[in-house]
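Text of the file run_21.pdb, holding PDB, C-alpha atoms:
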```
ATOM      1  CA  MET A   1      70.805  91.410  52.920  1.00  0.00           C
ATOM      2  CA  LEU A   2      72.998  90.595  55.939  1.00  0.00           C
ATOM      3  CA  THR A   3      74.835  93.899  55.660  1.00  0.00           C
ATOM      4  CA  ASN A   4      71.469  95.712  55.878  1.00  0.00           C
ATOM      5  CA  LEU A   5      70.472  93.799  59.023  1.00  0.00           C
ATOM      6  CA  PHE A   6      73.967  93.935  60.528  1.00  0.00           C
ATOM      7  CA  PRO A   7      75.600  97.176  59.319  1.00  0.00           C
ATOM      8  CA  ASN A   8      78.933  96.622  61.081  1.00  0.00           C
ATOM      9  CA  LEU A   9      79.462  93.187  59.534  1.00  0.00           C
ATOM     10  CA  ASN A  10      82.269  92.694  57.032  1.00  0.00           C
ATOM     11  CA  MET A  11      81.351  89.611  55.006  1.00  0.00           C
ATOM     12  CA  GLU A  12      84.891  88.925  53.812  1.00  0.00           C
ATOM     13  CA  ASP A  13      86.253  89.009  57.361  1.00  0.00           C
ATOM     14  CA  LEU A  14      83.350  86.852  58.528  1.00  0.00           C
ATOM     15  CA  TRP A  15      84.040  84.133  55.935  1.00  0.00           C
ATOM     16  CA  VAL A  16      87.747  84.154  56.774  1.00  0.00           C
ATOM     17  CA  ALA A  17      86.922  83.802  60.489  1.00  0.00           C
ATOM     18  CA  THR A  18      84.472  80.957  59.768  1.00  0.00           C
ATOM     19  CA  TYR A  19      87.063  79.158  57.645  1.00  0.00           C
ATOM     20  CA  GLU A  20      89.667  79.558  60.404  1.00  0.00           C
ATOM     21  CA  THR A  21      87.262  78.076  62.970  1.00  0.00           C
ATOM     22  CA  PHE A  22      86.609  75.032  60.755  1.00  0.00           C
ATOM     23  CA  TYR A  23      90.338  74.759  60.027  1.00  0.00           C
ATOM     24  CA  MET A  24      91.331  74.765  63.698  1.00  0.00           C
ATOM     25  CA  THR A  25      88.507  72.414  64.701  1.00  0.00           C
ATOM     26  CA  ILE A  26      89.083  69.793  61.995  1.00  0.00           C
ATOM     27  CA  LEU A  27      92.886  69.674  62.262  1.00  0.00           C
ATOM     28  CA  SER A  28      92.891  69.638  66.064  1.00  0.00           C
ATOM     29  CA  LEU A  29      90.145  66.980  66.034  1.00  0.00           C
ATOM     30  CA  PHE A  30      92.332  64.779  63.851  1.00  0.00           C
ATOM     31  CA  GLY A  31      95.285  65.181  66.217  1.00  0.00           C
ATOM     32  CA  THR A  32      93.034  64.680  69.240  1.00  0.00           C
ATOM     33  CA  PHE A  33      91.684  61.452  67.760  1.00  0.00           C
ATOM     34  CA  ILE A  34      95.176  59.990  67.276  1.00  0.00           C
ATOM     35  CA  PHE A  35      96.589  60.994  70.674  1.00  0.00           C
ATOM     36  CA  GLY A  36      93.316  60.298  72.461  1.00  0.00           C
ATOM     37  CA  ILE A  37      93.186  56.755  71.071  1.00  0.00           C
ATOM     38  CA  LEU A  38      96.783  56.171  72.180  1.00  0.00           C
ATOM     39  CA  LEU A  39      96.103  57.501  75.687  1.00  0.00           C
ATOM     40  CA  GLY A  40      92.863  55.551  75.994  1.00  0.00           C
ATOM     41  CA  LEU A  41      94.505  52.315  74.853  1.00  0.00           C
ATOM     42  CA  LEU A  42      97.381  52.796  77.315  1.00  0.00           C
ATOM     43  CA  LEU A  43      94.941  53.409  80.152  1.00  0.00           C
ATOM     44  CA  TYR A  44      92.891  50.356  79.217  1.00  0.00           C
ATOM     45  CA  LEU A  45      95.701  47.911  78.438  1.00  0.00           C
ATOM     46  CA  THR A  46      97.767  48.754  81.550  1.00  0.00           C
ATOM     47  CA  MET A  47      94.896  48.748  84.059  1.00  0.00           C
ATOM     48  CA  LYS A  48      94.389  45.950  86.568  1.00  0.00           C
ATOM     49  CA  GLY A  49      93.501  42.820  84.624  1.00  0.00           C
ATOM     50  CA  GLY A  50      94.538  44.427  81.330  1.00  0.00           C
ATOM     51  CA  ILE A  51      96.629  42.755  78.644  1.00  0.00           C
ATOM     52  CA  TRP A  52      99.669  44.882  79.557  1.00  0.00           C
ATOM     53  CA  GLN A  53      98.834  45.209  83.253  1.00  0.00           C
ATOM     54  CA  ASN A  54     101.336  47.678  84.673  1.00  0.00           C
ATOM     55  CA  LYS A  55     100.378  49.631  87.783  1.00  0.00           C
ATOM     56  CA  LEU A  56     103.198  52.185  87.509  1.00  0.00           C
ATOM     57  CA  LEU A  57     102.677  52.968  83.818  1.00  0.00           C
ATOM     58  CA  ASN A  58      98.923  53.185  84.319  1.00  0.00           C
ATOM     59  CA  LEU A  59      99.445  55.597  87.218  1.00  0.00           C
ATOM     60  CA  ILE A  60     101.790  57.796  85.149  1.00  0.00           C
ATOM     61  CA  VAL A  61      99.453  57.955  82.140  1.00  0.00           C
ATOM     62  CA  ALA A  62      96.390  58.523  84.343  1.00  0.00           C
ATOM     63  CA  SER A  63      98.194  61.324  86.203  1.00  0.00           C
ATOM     64  CA  ILE A  64      99.163  63.064  82.938  1.00  0.00           C
ATOM     65  CA  VAL A  65      95.595  62.784  81.685  1.00  0.00           C
ATOM     66  CA  ASN A  66      94.126  64.095  84.943  1.00  0.00           C
ATOM     67  CA  VAL A  67      96.558  67.022  85.181  1.00  0.00           C
ATOM     68  CA  PHE A  68      95.895  68.284  81.650  1.00  0.00           C
ATOM     69  CA  ARG A  69      92.154  67.787  82.042  1.00  0.00           C
ATOM     70  CA  ALA A  70      92.232  69.881  85.207  1.00  0.00           C
ATOM     71  CA  ILE A  71      93.973  72.926  83.664  1.00  0.00           C
ATOM     72  CA  PRO A  72      91.492  75.516  82.305  1.00  0.00           C
ATOM     73  CA  PHE A  73      92.005  75.830  78.561  1.00  0.00           C
ATOM     74  CA  ILE A  74      92.690  79.554  78.519  1.00  0.00           C
ATOM     75  CA  ILE A  75      95.491  79.059  81.089  1.00  0.00           C
ATOM     76  CA  LEU A  76      96.841  76.065  79.145  1.00  0.00           C
ATOM     77  CA  ILE A  77      97.250  78.252  76.055  1.00  0.00           C
ATOM     78  CA  LEU A  78      99.303  80.748  78.044  1.00  0.00           C
ATOM     79  CA  LEU A  79     101.428  78.004  79.610  1.00  0.00           C
ATOM     80  CA  LEU A  80     102.154  76.550  76.163  1.00  0.00           C
ATOM     81  CA  PHE A  81     103.268  79.855  74.585  1.00  0.00           C
ATOM     82  CA  PRO A  82     107.015  78.953  74.719  1.00  0.00           C
ATOM     83  CA  PHE A  83     106.349  75.465  73.307  1.00  0.00           C
ATOM     84  CA  THR A  84     104.043  76.861  70.611  1.00  0.00           C
ATOM     85  CA  ASP A  85     106.567  79.523  69.619  1.00  0.00           C
ATOM     86  CA  PHE A  86     109.302  76.864  69.379  1.00  0.00           C
ATOM     87  CA  LEU A  87     107.123  74.447  67.388  1.00  0.00           C
ATOM     88  CA  ILE A  88     105.202  76.821  65.096  1.00  0.00           C
ATOM     89  CA  GLY A  89     107.420  79.914  65.137  1.00  0.00           C
ATOM     90  CA  THR A  90     104.623  82.214  66.298  1.00  0.00           C
ATOM     91  CA  ILE A  91     102.003  82.454  69.039  1.00  0.00           C
ATOM     92  CA  ARG A  92      99.352  84.073  66.843  1.00  0.00           C
ATOM     93  CA  GLY A  93      97.080  82.684  64.152  1.00  0.00           C
ATOM     94  CA  PRO A  94      95.161  79.412  63.644  1.00  0.00           C
ATOM     95  CA  ASN A  95      98.276  77.217  63.354  1.00  0.00           C
ATOM     96  CA  ALA A  96      99.579  78.512  66.682  1.00  0.00           C
ATOM     97  CA  ALA A  97      96.363  77.402  68.376  1.00  0.00           C
ATOM     98  CA  LEU A  98      96.664  73.767  67.240  1.00  0.00           C
ATOM     99  CA  PRO A  99      99.183  72.491  69.862  1.00  0.00           C
ATOM    100  CA  ALA A 100      97.101  73.870  72.738  1.00  0.00           C
ATOM    101  CA  LEU A 101      93.856  72.590  71.206  1.00  0.00           C
ATOM    102  CA  ILE A 102      95.236  69.060  70.788  1.00  0.00           C
ATOM    103  CA  ILE A 103      96.980  68.957  74.178  1.00  0.00           C
ATOM    104  CA  GLY A 104      93.844  70.324  75.837  1.00  0.00           C
ATOM    105  CA  ALA A 105      91.392  67.931  74.179  1.00  0.00           C
ATOM    106  CA  ALA A 106      93.372  64.676  73.813  1.00  0.00           C
ATOM    107  CA  PRO A 107      93.331  63.783  77.557  1.00  0.00           C
ATOM    108  CA  PHE A 108      89.578  64.420  77.663  1.00  0.00           C
ATOM    109  CA  TYR A 109      89.015  62.171  74.659  1.00  0.00           C
ATOM    110  CA  GLY A 110      91.482  59.621  76.062  1.00  0.00           C
ATOM    111  CA  ARG A 111      89.202  59.096  79.057  1.00  0.00           C
ATOM    112  CA  LEU A 112      86.204  58.650  76.756  1.00  0.00           C
ATOM    113  CA  VAL A 113      88.201  56.078  74.765  1.00  0.00           C
ATOM    114  CA  GLU A 114      89.051  54.199  77.962  1.00  0.00           C
ATOM    115  CA  ILE A 115      85.360  54.112  78.940  1.00  0.00           C
ATOM    116  CA  ALA A 116      84.386  52.906  75.453  1.00  0.00           C
ATOM    117  CA  LEU A 117      86.972  50.100  75.536  1.00  0.00           C
ATOM    118  CA  LYS A 118      85.758  48.955  78.962  1.00  0.00           C
ATOM    119  CA  GLU A 119      82.304  48.442  77.459  1.00  0.00           C
ATOM    120  CA  VAL A 120      83.597  45.831  74.980  1.00  0.00           C
ATOM    121  CA  ASP A 121      82.354  42.343  75.842  1.00  0.00           C
ATOM    122  CA  LYS A 122      85.176  40.582  77.690  1.00  0.00           C
ATOM    123  CA  GLY A 123      83.970  37.278  76.261  1.00  0.00           C
ATOM    124  CA  VAL A 124      84.903  38.430  72.762  1.00  0.00           C
ATOM    125  CA  ILE A 125      88.378  39.403  73.969  1.00  0.00           C
ATOM    126  CA  GLU A 126      88.867  36.076  75.763  1.00  0.00           C
ATOM    127  CA  ALA A 127      87.732  34.212  72.637  1.00  0.00           C
ATOM    128  CA  ALA A 128      90.333  36.060  70.575  1.00  0.00           C
ATOM    129  CA  LYS A 129      93.028  35.245  73.151  1.00  0.00           C
ATOM    130  CA  SER A 130      92.091  31.569  73.165  1.00  0.00           C
ATOM    131  CA  MET A 131      92.524  31.489  69.390  1.00  0.00           C
ATOM    132  CA  GLY A 132      96.100  32.746  69.826  1.00  0.00           C
ATOM    133  CA  ALA A 133      95.462  36.314  68.662  1.00  0.00           C
ATOM    134  CA  LYS A 134      98.324  38.730  69.315  1.00  0.00           C
ATOM    135  CA  THR A 135      97.806  41.984  71.179  1.00  0.00           C
ATOM    136  CA  ARG A 136      97.929  43.982  67.943  1.00  0.00           C
ATOM    137  CA  THR A 137      95.206  41.782  66.459  1.00  0.00           C
ATOM    138  CA  ILE A 138      93.035  42.150  69.562  1.00  0.00           C
ATOM    139  CA  ILE A 139      93.409  45.932  69.424  1.00  0.00           C
ATOM    140  CA  PHE A 140      92.696  46.418  65.710  1.00  0.00           C
ATOM    141  CA  ARG A 141      90.311  43.505  65.091  1.00  0.00           C
ATOM    142  CA  VAL A 142      88.377  43.398  68.367  1.00  0.00           C
ATOM    143  CA  LEU A 143      88.714  46.397  70.699  1.00  0.00           C
ATOM    144  CA  LEU A 144      88.571  49.295  68.243  1.00  0.00           C
ATOM    145  CA  PRO A 145      85.910  47.840  65.877  1.00  0.00           C
ATOM    146  CA  GLU A 146      83.657  46.753  68.752  1.00  0.00           C
ATOM    147  CA  SER A 147      83.888  50.129  70.480  1.00  0.00           C
ATOM    148  CA  MET A 148      83.688  52.249  67.318  1.00  0.00           C
ATOM    149  CA  PRO A 149      80.154  53.659  67.886  1.00  0.00           C
ATOM    150  CA  ALA A 150      81.159  54.858  71.363  1.00  0.00           C
ATOM    151  CA  LEU A 151      84.465  56.188  70.014  1.00  0.00           C
ATOM    152  CA  VAL A 152      82.687  58.259  67.357  1.00  0.00           C
ATOM    153  CA  SER A 153      80.126  59.475  69.891  1.00  0.00           C
ATOM    154  CA  GLY A 154      82.957  60.532  72.210  1.00  0.00           C
ATOM    155  CA  LEU A 155      84.739  62.230  69.320  1.00  0.00           C
ATOM    156  CA  THR A 156      81.562  64.197  68.591  1.00  0.00           C
ATOM    157  CA  VAL A 157      81.433  65.441  72.185  1.00  0.00           C
ATOM    158  CA  THR A 158      85.126  66.342  71.940  1.00  0.00           C
ATOM    159  CA  ALA A 159      84.588  68.195  68.640  1.00  0.00           C
ATOM    160  CA  ILE A 160      81.938  70.387  70.260  1.00  0.00           C
ATOM    161  CA  ALA A 161      84.302  71.123  73.146  1.00  0.00           C
ATOM    162  CA  LEU A 162      87.014  72.007  70.613  1.00  0.00           C
ATOM    163  CA  ILE A 163      84.734  74.514  68.899  1.00  0.00           C
ATOM    164  CA  GLY A 164      84.392  76.260  72.258  1.00  0.00           C
ATOM    165  CA  TYR A 165      88.157  76.067  72.726  1.00  0.00           C
ATOM    166  CA  THR A 166      88.739  77.758  69.344  1.00  0.00           C
ATOM    167  CA  ALA A 167      86.527  80.640  70.449  1.00  0.00           C
ATOM    168  CA  MET A 168      88.588  81.043  73.631  1.00  0.00           C
ATOM    169  CA  ALA A 169      91.824  80.804  71.640  1.00  0.00           C
ATOM    170  CA  GLY A 170      90.516  83.549  69.366  1.00  0.00           C
ATOM    171  CA  VAL A 171      90.399  85.963  72.290  1.00  0.00           C
ATOM    172  CA  ILE A 172      94.210  85.859  72.481  1.00  0.00           C
ATOM    173  CA  GLY A 173      94.777  86.178  68.747  1.00  0.00           C
ATOM    174  CA  ALA A 174      94.351  82.688  67.297  1.00  0.00           C
ATOM    175  CA  GLY A 175      91.880  83.811  64.668  1.00  0.00           C
ATOM    176  CA  GLY A 176      88.468  82.325  63.967  1.00  0.00           C
ATOM    177  CA  LEU A 177      85.020  83.479  64.997  1.00  0.00           C
ATOM    178  CA  GLY A 178      86.075  84.011  68.606  1.00  0.00           C
ATOM    179  CA  ASN A 179      88.767  86.411  67.474  1.00  0.00           C
ATOM    180  CA  TYR A 180      86.395  88.272  65.145  1.00  0.00           C
ATOM    181  CA  ALA A 181      83.647  88.484  67.792  1.00  0.00           C
ATOM    182  CA  TYR A 182      85.991  89.803  70.480  1.00  0.00           C
ATOM    183  CA  PHE A 183      88.345  92.172  68.654  1.00  0.00           C
ATOM    184  CA  PHE A 184      86.040  93.441  65.915  1.00  0.00           C
ATOM    185  CA  GLY A 185      82.742  93.124  67.774  1.00  0.00           C
ATOM    186  CA  PHE A 186      82.980  93.379  71.540  1.00  0.00           C
ATOM    187  CA  GLN A 187      85.956  95.751  71.811  1.00  0.00           C
ATOM    188  CA  ARG A 188      84.444  98.137  69.268  1.00  0.00           C
ATOM    189  CA  ARG A 189      80.943  97.774  70.781  1.00  0.00           C
ATOM    190  CA  MET A 190      79.620  96.350  67.513  1.00  0.00           C
ATOM    191  CA  PHE A 191      77.284  93.806  69.093  1.00  0.00           C
ATOM    192  CA  ASP A 192      75.678  92.820  65.805  1.00  0.00           C
ATOM    193  CA  VAL A 193      79.065  91.267  64.903  1.00  0.00           C
ATOM    194  CA  VAL A 194      79.137  89.390  68.225  1.00  0.00           C
ATOM    195  CA  PHE A 195      75.596  88.132  67.604  1.00  0.00           C
ATOM    196  CA  VAL A 196      76.320  86.829  64.094  1.00  0.00           C
ATOM    197  CA  CYS A 197      79.521  85.097  65.249  1.00  0.00           C
ATOM    198  CA  THR A 198      77.593  83.444  68.080  1.00  0.00           C
ATOM    199  CA  VAL A 199      74.910  82.197  65.694  1.00  0.00           C
ATOM    200  CA  LEU A 200      77.563  80.803  63.329  1.00  0.00           C
ATOM    201  CA  ILE A 201      79.332  78.975  66.179  1.00  0.00           C
ATOM    202  CA  VAL A 202      75.998  77.414  67.214  1.00  0.00           C
ATOM    203  CA  ILE A 203      75.386  76.328  63.602  1.00  0.00           C
ATOM    204  CA  ILE A 204      78.859  74.756  63.411  1.00  0.00           C
ATOM    205  CA  VAL A 205      78.150  72.866  66.657  1.00  0.00           C
ATOM    206  CA  PHE A 206      74.896  71.536  65.154  1.00  0.00           C
ATOM    207  CA  ILE A 207      76.735  70.469  61.991  1.00  0.00           C
ATOM    208  CA  PHE A 208      79.316  68.453  63.933  1.00  0.00           C
ATOM    209  CA  GLN A 209      76.623  66.999  66.205  1.00  0.00           C
ATOM    210  CA  PHE A 210      74.523  65.913  63.222  1.00  0.00           C
ATOM    211  CA  ILE A 211      77.472  64.304  61.419  1.00  0.00           C
ATOM    212  CA  GLY A 212      78.630  62.558  64.597  1.00  0.00           C
ATOM    213  CA  ASP A 213      75.152  61.218  65.422  1.00  0.00           C
ATOM    214  CA  PHE A 214      74.655  60.049  61.834  1.00  0.00           C
ATOM    215  CA  ILE A 215      77.951  58.103  61.777  1.00  0.00           C
ATOM    216  CA  THR A 216      77.322  56.663  65.265  1.00  0.00           C
ATOM    217  CA  ASN A 217      73.871  55.392  64.258  1.00  0.00           C
ATOM    218  CA  LYS A 218      75.303  53.829  61.095  1.00  0.00           C
ATOM    219  CA  LEU A 219      78.036  52.025  63.051  1.00  0.00           C
ATOM    220  CA  ASP A 220      75.815  50.885  65.923  1.00  0.00           C
ATOM    221  CA  LYS A 221      74.676  47.340  65.096  1.00  0.00           C
ATOM    222  CA  ARG A 222      72.423  46.955  68.124  1.00  0.00           C
TER     223      ARG A 222
END
```
Encoded form using structure tokens:
Amino acid sequence: MLTNLFPNLNMEDLWVATYETFYMTILSLFGTFIFGILLGLLLYLTMKGGIWQNKLLNLIVASIVNVFRAIPFIILILLLFPFTDFLIGTIRGPNAALPALIIGAAPFYGRLVEIALKEVDKGVIEAAKSMGAKTRTIIFRVLLPESMPALVSGLTVTAIALIGYTAMAGVIGAGGLGNYAYFFGFQRRMFDVVFVCTVLIVIIVFIFQFIGDFITNKLDKR
């Protein structure tokens, strides 16, 4: 059916490209979540009035976050080629895209984490402190649970950005739907391939948005 509507489409290649897009998005999202939480916590805890108030450390972390957020993703991939080659052993394929995807998205998510943590009721934090709760307890029993709906919502936004990043990474050989659309569609003037890849990317975005909204609504107790 699809091959009749889109004669230049190779279904096997399309499924491989779709799998690679999901693979890159899910793995990089996991890494982004971990590093983004760490960055967001550091920004929050070291800010003025924070539990670990430290102006210098806060300035360093904020500067790192701002610098990496400011670099366009396609340029970041190129800048990270030596690091990627050292870490992965190649600069091509889905695995080679992961370092750039995580480094590109984690600072963005880190800022969203910081914003989410700032929304936590300070009265709850002060109550925990007055009961003698340690910093670790405040983080894992108060801050993260109380901000979880906002954290998941921010992760959903980040996931959608990552899907776009995977398409850009595909243009320089990372695989996925971006790679298939550019090298096998655009460069060969097979625009039916480009169209199908675009539709699939939009569907993947909707899938992640739906899952993220569903989890956020379940966690939101308001």
Which residues of stretch 126-213 of chain A come within 10 Å of stretch 26-36 of chain A, and what is each one's closest atom pair and distance in Å (one decimal), counting only C-alpha atoms, sorted by chain and residue number, as a tab-separated table?
```
residue	atom	partner	partner_atom	distance
A:Leu151	CA	A:Phe33	CA	9.2
A:Val152	CA	A:Phe33	CA	9.6
A:Gly154	CA	A:Phe33	CA	9.8
A:Leu155	CA	A:Phe33	CA	7.2
A:Thr156	CA	A:Leu29	CA	9.4
A:Thr158	CA	A:Leu29	CA	7.8
A:Ala159	CA	A:Leu29	CA	6.3
A:Ile160	CA	A:Leu29	CA	9.8
A:Leu162	CA	A:Leu29	CA	7.5
A:Ile163	CA	A:Ile26	CA	9.4
A:Thr166	CA	A:Ser28	CA	9.7
```
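Taking atom CA of A:Cys197 and atom CA of A:Ala181 as the two end points, the separation is 5.9 Å.
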Hey, could you pull the box centre and edge lengths for stretch 36-44 of chain A, axis-aligned, 5 Å padding per side, all listed atoms, to one decimal in Å, as AutoDock Vina command-line options?
```
--center_x 95.1 --center_y 55.3 --center_z 75.6 --size_x 14.5 --size_y 19.9 --size_z 19.1
```
*Would you mind reading off the distance between atom CA of A:Ile138 and atom CA of A:Val157, one decimal, in Å?*
26.2 Å
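Restricting the calculation to all atoms listed in the file, the smallest distance between A:Ile37 and any of A:Phe208, A:Phe108, A:Trp15, A:Phe183 is found for A:Phe108.
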_Nearest to A:Phe210, chosen from A:Gly50, A:Ser153, A:Ile139, A:Asn66, with all atoms listed in the file counted in the distances_ =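 With all atoms listed in the file as the atom set, the closest residue is A:Ser153.
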*Leaving out A:Glu20 and any residue of its chain fewer than 3 positions from it, which residues lie within 12 Å of it when counting all atoms listed in the file, given as number ranges by chain?*
A: 13-17, 23-28, 93-98, 163, 166-167, 169-170, 173-180, 201
*Provide the atom CA of A:Thr21 to atom CA of A:Leu78 distance in Å, to one decimal place.*
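Separation between atom CA of A:Thr21 and atom CA of A:Leu78: 19.5 Å.
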*asked:* To test your reading of the syntax: which residues would the PyMOL selection byres ((chain A and resi 193) around 12) return for the file shown? Reply as a ChimeraX atom specification.
replied: /A:2-3,5-11,13-14,17,177-192,194-200
*To verify the selection step, state as a ChimeraX atom specification which residues the PyMOL selection byres ((chain A and resi 149) around 6) yields on this input.*
/A:147-148,150-152,216,219-220
*Could you list the residues chosen by the PyMOL selection byres ((chain A and resi 81) around 12) in this structure as an MDAnalysis selection string?*
chainID A and resid 74:80 82:92 96:100 169 172 174
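For the set A:Ile125, A:Phe22, A:Leu117, A:Met168, the residue with the smallest atom-to-atom gap to A:Val205 is A:Phe22, counting all atoms listed in the file.
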Non-local contacts of A:Leu42 (12 Å; only C-alpha atoms; under 6 positions in same chain excluded) as an mmCIF file with C-alpha atoms, in the frame of the given file:
```cif
data_model
loop_
_atom_site.group_PDB
_atom_site.id
_atom_site.type_symbol
_atom_site.label_atom_id
_atom_site.label_comp_id
_atom_site.auth_asym_id
_atom_site.auth_seq_id
_atom_site.Cartn_x
_atom_site.Cartn_y
_atom_site.Cartn_z
ATOM 1 C CA PHE A 35 96.589 60.994 70.674
ATOM 2 C CA GLY A 36 93.316 60.298 72.461
ATOM 3 C CA LYS A 48 94.389 45.950 86.568
ATOM 4 C CA GLY A 50 94.538 44.427 81.330
ATOM 5 C CA ILE A 51 96.629 42.755 78.644
ATOM 6 C CA TRP A 52 99.669 44.882 79.557
ATOM 7 C CA GLN A 53 98.834 45.209 83.253
ATOM 8 C CA ASN A 54 101.336 47.678 84.673
ATOM 9 C CA LYS A 55 100.378 49.631 87.783
ATOM 10 C CA LEU A 56 103.198 52.185 87.509
ATOM 11 C CA LEU A 57 102.677 52.968 83.818
ATOM 12 C CA ASN A 58 98.923 53.185 84.319
ATOM 13 C CA LEU A 59 99.445 55.597 87.218
ATOM 14 C CA ILE A 60 101.790 57.796 85.149
ATOM 15 C CA VAL A 61 99.453 57.955 82.140
ATOM 16 C CA ALA A 62 96.390 58.523 84.343
ATOM 17 C CA ILE A 64 99.163 63.064 82.938
ATOM 18 C CA VAL A 65 95.595 62.784 81.685
ATOM 19 C CA PRO A 107 93.331 63.783 77.557
ATOM 20 C CA GLY A 110 91.482 59.621 76.062
ATOM 21 C CA ARG A 111 89.202 59.096 79.057
ATOM 22 C CA VAL A 113 88.201 56.078 74.765
ATOM 23 C CA GLU A 114 89.051 54.199 77.962
ATOM 24 C CA LEU A 117 86.972 50.100 75.536
ATOM 25 C CA ILE A 139 93.409 45.932 69.424
#
```
*Go through A:Leu112, A:Leu101, A:Lys122, A:Phe68 and flag the residue nearest A:Gly49, using only C-alpha atoms for the distances.*
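Of A:Leu112, A:Leu101, A:Lys122, A:Phe68, the one nearest A:Gly49, counting only C-alpha atoms, is A:Lys122.
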